[in-house]
Structures are given as structure tokens and as C-alpha cells.
Amino acid sequence: MKKLALVAAGFLCTGFLGACSNQGMATSTKDMSQQTAKAGDRQPSGKKVKDVSLQGVDGKTYRLSDYKGKKVYLKFWASWCSICLSTLGDTNDLAKAEEGKDYVVLSVVAPTFNGEKSEADFKNWYQSLDYKDFPVLMDSKGDLLKEYGIRSYPSALFIASDGTLAKPHIGYMSKEDIVQTLKEMK
């Protein structure tokens with residue numbers, strides 16, 4: 001009888017956990033939709049992208065205007081984000097493949113914002129990684145995060161060759177979907 005009561009209690013607990021989990025998922029999906037809407041409200045697709053100048057981990061200065069005439073995949077990520085870290089290899093592969101292509105791959109990290117390391121600590125940490133084919137730009141003042149409403153990682157902006165925002169994207173995106181989005185852009 002005790003075994004039956006334990007089994008019944010186990011099923012009951014599993015049911016409650018499942019219900020709580022589904023409620024959390026609904027909230028997460030709603031929150032993501034609101035974040036996407038907010039990011040779109042700040043910088044709607046088709047609007048001219050503000051030119052920015054950021055220093056890369058490599059010490060070079062990068063300006064979005066330097067890439068006029070090319071499509072830009074601008075990835076926002078953080079060192080603590082497991083999804084971001086698991087997709088750095090794909091980002092590196094996309095950047096390697098960009099030679100002769102009509103797009104460029106850039107990534108942005110915002111030191112001290114949203115739980116990110118300090119600039120010096122990030123640079124020191126990043127040097128131990130083996131991703132050398134795409135620049136990592138330092139948004140040290142958080143200006144890009146604020147401008148485009150970036151609140152979660154990974155996030156991305158797809159910028160058309162005419163310098164307008166083609167599409168903001170929040171969350172994971174496969175390498176194939178990134179390539180497809182770039183192909184569909186003007």
C-alpha cells in the first residue's frame with residue numbers, strides 16, 4: 001500500500017511540475033514576443049541604421065558605414081551565455097565563408113552590461129578561444145544595446161546592403177537560417 005501511495009504521489013508531483021513548466025513556457029514565449037516587438041519599435045525594419053564606431057578586441061576600429069554595399073550579420077552575445085558560446089563555431093564558419101560573398105559577419109559584446117565581464121577581463125578570457133575569423137566589437141558604453149533594445153542573448157541584427165535594418169532577431173538561430181536570411185535580403 002505504501003508503494004502505491006508513493007507512486008500516486010510521484011505522478012501527482014510530476015503533473016504539478018508539468019503544469020508549472022507549461023505556464024513558465026507560455027510566459028517566456030509572451031515575454032520573447034514583447035521583446036521582439038520592443039526591439040522592432042525602437043528600430044523598425046527598413047529604417048536607416050545609425051552609424052557607429054566601435055573598437056574591436058583586436059584593437060582596430062570598426063564602423064558600420066565601412067560595410068555599405070554589403071549585408072551585415074551583427075551578432076550580440078555574452079561570455080556567460082551557453083547558447084552564444086555553443087554557436088561561436090558557426091559564427092566563425094560564416095565569417096570564413098564570407099570571402100567573395102555579399103555579406104560580412106560582426107559580433108558585439110557589451111562589457112559590464114547584462115552581467116558581462118569588464119572589458120579587460122573579457123579580452124583576457126577571449127584570447128584563450130580560437131575564433132579568429134570574425135571581429136568582436138566592444139560596446140563599452142552600451143550604446144548599441146540601448147539603440148536596438150537588446151535585452152537578451154543571443155540577439156542579432158540583419159542590415160541590408162543599403163544600410164537599413166532588414167530584420168532583428170532574438171534568440172538562437174541556426175547557421176542555415178542565418179545564411180537563408182542573408183540570401184533573402186537585398
# chains A, B, ... in the order shown; residues from 1 in each chain; ligands from 1
call {"tool": "residues_around", "arguments": {"residues": "range 107-117 of chain A", "least_positions_apart": "5", "cutoff": "7 Å", "atoms": "only C-alpha atoms", "output": "list in words"}}
result
Leu74, Lys75, Phe76, Trp77, Ala78, Ser79, Phe122, Pro135, Val136, Leu137, Met138, Asp139, Ser140 and Gly142 of chain A
call {"tool": "residues_around", "arguments": {"residues": "Leu129 in chain A", "least_positions_apart": "6", "cutoff": "12 Å", "atoms": "only C-alpha atoms", "output": "VMD selection string"}}
result
chain A and resid 79 85 88 to 89 92 122 to 123
call {"tool": "write_last_selection", "arguments": {"atoms": "N, CA, C and O atoms", "output": "CSV table (one decimal), in the first residue's frame"}}
result
chain,number,residue,atom,x,y,z
A,79,SER,N,29.8,36.4,-22.8
A,79,SER,CA,30.7,35.2,-22.4
A,79,SER,C,30.0,34.2,-21.5
A,79,SER,O,30.4,33.1,-21.4
A,85,LEU,N,28.0,30.8,-26.7
A,85,LEU,CA,29.2,30.1,-26.8
A,85,LEU,C,29.1,28.8,-27.7
A,85,LEU,O,30.1,28.6,-28.5
A,88,LEU,N,29.5,30.0,-31.4
A,88,LEU,CA,30.6,30.7,-31.9
A,88,LEU,C,31.3,30.0,-33.1
A,88,LEU,O,31.8,30.7,-34.0
A,89,GLY,N,31.3,28.7,-33.1
A,89,GLY,CA,31.9,27.9,-34.2
A,89,GLY,C,31.2,28.2,-35.5
A,89,GLY,O,31.8,28.4,-36.5
A,92,ASN,N,32.0,31.7,-36.6
A,92,ASN,CA,33.4,31.7,-37.2
A,92,ASN,C,33.4,31.1,-38.6
A,92,ASN,O,34.0,31.6,-39.5
A,122,PHE,N,37.2,40.5,-20.2
A,122,PHE,CA,36.6,39.8,-21.4
A,122,PHE,C,37.8,39.6,-22.4
A,122,PHE,O,37.9,38.5,-23.0
A,123,LYS,N,38.5,40.6,-22.7
A,123,LYS,CA,39.6,40.5,-23.6
A,123,LYS,C,40.6,39.4,-23.2
A,123,LYS,O,41.0,38.6,-24.1
call {"tool": "select_by_dssp", "arguments": {"residues": "range 55-166 of chain A", "states": "helix (DSSP H, G or I)", "output": "MDAnalysis selection string"}}
result
chainID A and resid 64:67 82:86 88:97 119:126 143:148
call {"tool": "write_last_selection", "arguments": {"atoms": "N, CA and C atoms", "output": "compact mmCIF listing (two decimals), in the first residue's frame"}}
result
# COMPACT_ATOMS: atom_id res chain seq x y z
N LEU A 64 30.08 50.76 -38.97
CA LEU A 64 29.09 50.11 -39.82
C LEU A 64 29.12 50.69 -41.24
N SER A 65 29.40 51.98 -41.35
CA SER A 65 29.43 52.62 -42.67
C SER A 65 30.53 52.04 -43.57
N ASP A 66 31.53 51.40 -42.97
CA ASP A 66 32.59 50.77 -43.77
C ASP A 66 32.07 49.61 -44.60
N TYR A 67 30.89 49.11 -44.26
CA TYR A 67 30.34 47.93 -44.92
C TYR A 67 29.15 48.27 -45.82
N SER A 82 25.49 30.30 -22.61
CA SER A 82 25.87 28.98 -23.14
C SER A 82 25.44 28.81 -24.60
N ILE A 83 24.29 29.34 -24.98
CA ILE A 83 23.85 29.25 -26.38
C ILE A 83 24.80 30.04 -27.26
N CYS A 84 25.18 31.24 -26.80
CA CYS A 84 26.12 32.07 -27.56
C CYS A 84 27.44 31.33 -27.78
N LEU A 85 27.95 30.75 -26.72
CA LEU A 85 29.24 30.05 -26.81
C LEU A 85 29.14 28.84 -27.72
N SER A 86 28.02 28.13 -27.66
CA SER A 86 27.88 26.94 -28.49
C SER A 86 27.75 27.27 -29.98
N LEU A 88 29.45 29.96 -31.43
CA LEU A 88 30.61 30.73 -31.91
C LEU A 88 31.32 30.02 -33.07
N GLY A 89 31.34 28.70 -33.05
CA GLY A 89 31.94 27.95 -34.15
C GLY A 89 31.21 28.22 -35.46
N ASP A 90 29.87 28.24 -35.41
CA ASP A 90 29.08 28.56 -36.60
C ASP A 90 29.34 29.98 -37.07
N THR A 91 29.44 30.90 -36.12
CA THR A 91 29.71 32.30 -36.45
C THR A 91 31.08 32.40 -37.13
N ASN A 92 32.05 31.69 -36.61
CA ASN A 92 33.39 31.68 -37.20
C ASN A 92 33.36 31.09 -38.61
N ASP A 93 32.61 29.99 -38.80
CA ASP A 93 32.49 29.37 -40.12
C ASP A 93 31.83 30.32 -41.12
N LEU A 94 30.79 31.04 -40.68
CA LEU A 94 30.13 32.00 -41.56
C LEU A 94 31.11 33.11 -41.97
N ALA A 95 31.91 33.56 -41.03
CA ALA A 95 32.87 34.62 -41.33
C ALA A 95 33.95 34.12 -42.28
N LYS A 96 34.40 32.89 -42.12
CA LYS A 96 35.39 32.31 -43.04
C LYS A 96 34.82 32.24 -44.45
N ALA A 97 33.55 31.88 -44.54
CA ALA A 97 32.89 31.71 -45.83
C ALA A 97 32.52 33.03 -46.49
N GLU A 119 35.77 44.97 -19.53
CA GLU A 119 36.43 44.93 -20.84
C GLU A 119 37.77 44.19 -20.76
N ALA A 120 38.58 44.50 -19.76
CA ALA A 120 39.89 43.86 -19.62
C ALA A 120 39.74 42.36 -19.37
N ASP A 121 38.81 41.99 -18.50
CA ASP A 121 38.60 40.56 -18.21
C ASP A 121 38.07 39.82 -19.44
N PHE A 122 37.16 40.47 -20.19
CA PHE A 122 36.64 39.83 -21.39
C PHE A 122 37.76 39.60 -22.40
N LYS A 123 38.55 40.62 -22.67
CA LYS A 123 39.64 40.49 -23.64
C LYS A 123 40.59 39.38 -23.24
N ASN A 124 40.94 39.33 -21.97
CA ASN A 124 41.83 38.29 -21.47
C ASN A 124 41.21 36.90 -21.66
N TRP A 125 39.93 36.76 -21.33
CA TRP A 125 39.22 35.50 -21.49
C TRP A 125 39.13 35.12 -22.96
N TYR A 126 38.77 36.08 -23.82
CA TYR A 126 38.55 35.80 -25.24
C TYR A 126 39.83 35.34 -25.94
N ASP A 143 25.83 51.60 -25.91
CA ASP A 143 25.03 52.42 -26.84
C ASP A 143 24.22 51.58 -27.82
N LEU A 144 24.84 50.54 -28.39
CA LEU A 144 24.10 49.70 -29.34
C LEU A 144 23.00 48.91 -28.65
N LEU A 145 23.29 48.43 -27.45
CA LEU A 145 22.25 47.71 -26.70
C LEU A 145 21.03 48.59 -26.51
N LYS A 146 21.26 49.83 -26.13
CA LYS A 146 20.16 50.77 -25.89
C LYS A 146 19.47 51.14 -27.20
N GLU A 147 20.24 51.44 -28.21
CA GLU A 147 19.70 51.87 -29.50
C GLU A 147 18.77 50.82 -30.11
N TYR A 148 19.13 49.55 -29.99
CA TYR A 148 18.35 48.49 -30.63
C TYR A 148 17.55 47.64 -29.65
call {"tool": "residues_around", "arguments": {"residues": "Met185 in chain A", "least_positions_apart": "6", "cutoff": "12 Å", "atoms": "only C-alpha atoms", "output": "compact mmCIF listing (two decimals) with C-alpha atoms, in the first residue's frame"}}
result
# COMPACT_ATOMS: atom_id res chain seq x y z
CA SER A 45 12.80 47.15 -40.25
CA GLY A 46 13.52 49.37 -43.22
CA LYS A 70 27.36 44.61 -48.14
CA LYS A 71 24.81 42.84 -45.98
CA VAL A 72 25.78 42.68 -42.30
CA TYR A 73 25.04 39.95 -39.77
CA ASP A 102 27.97 39.86 -50.34
CA TYR A 103 27.88 39.85 -46.54
CA PHE A 158 20.48 41.84 -40.16
CA ILE A 159 21.44 45.01 -42.00
CA ALA A 160 20.73 45.32 -45.72
CA SER A 161 23.35 46.45 -48.21
CA ASP A 162 21.72 49.92 -48.34
CA GLY A 163 22.32 50.39 -44.61
CA THR A 164 18.74 49.77 -43.47
CA LEU A 165 17.63 47.30 -40.83
CA ALA A 166 16.30 44.24 -42.63
CA LYS A 167 15.45 42.14 -39.56
CA ILE A 178 21.27 32.86 -40.91
CA VAL A 179 22.52 32.08 -44.42
call {"tool": "closest_residue", "arguments": {"among": "A:Ser152, A:Gly59, A:Gln127, A:Lys186", "to": "Tyr172 in chain A", "atoms": "only C-alpha atoms"}}
result
A:Ser152
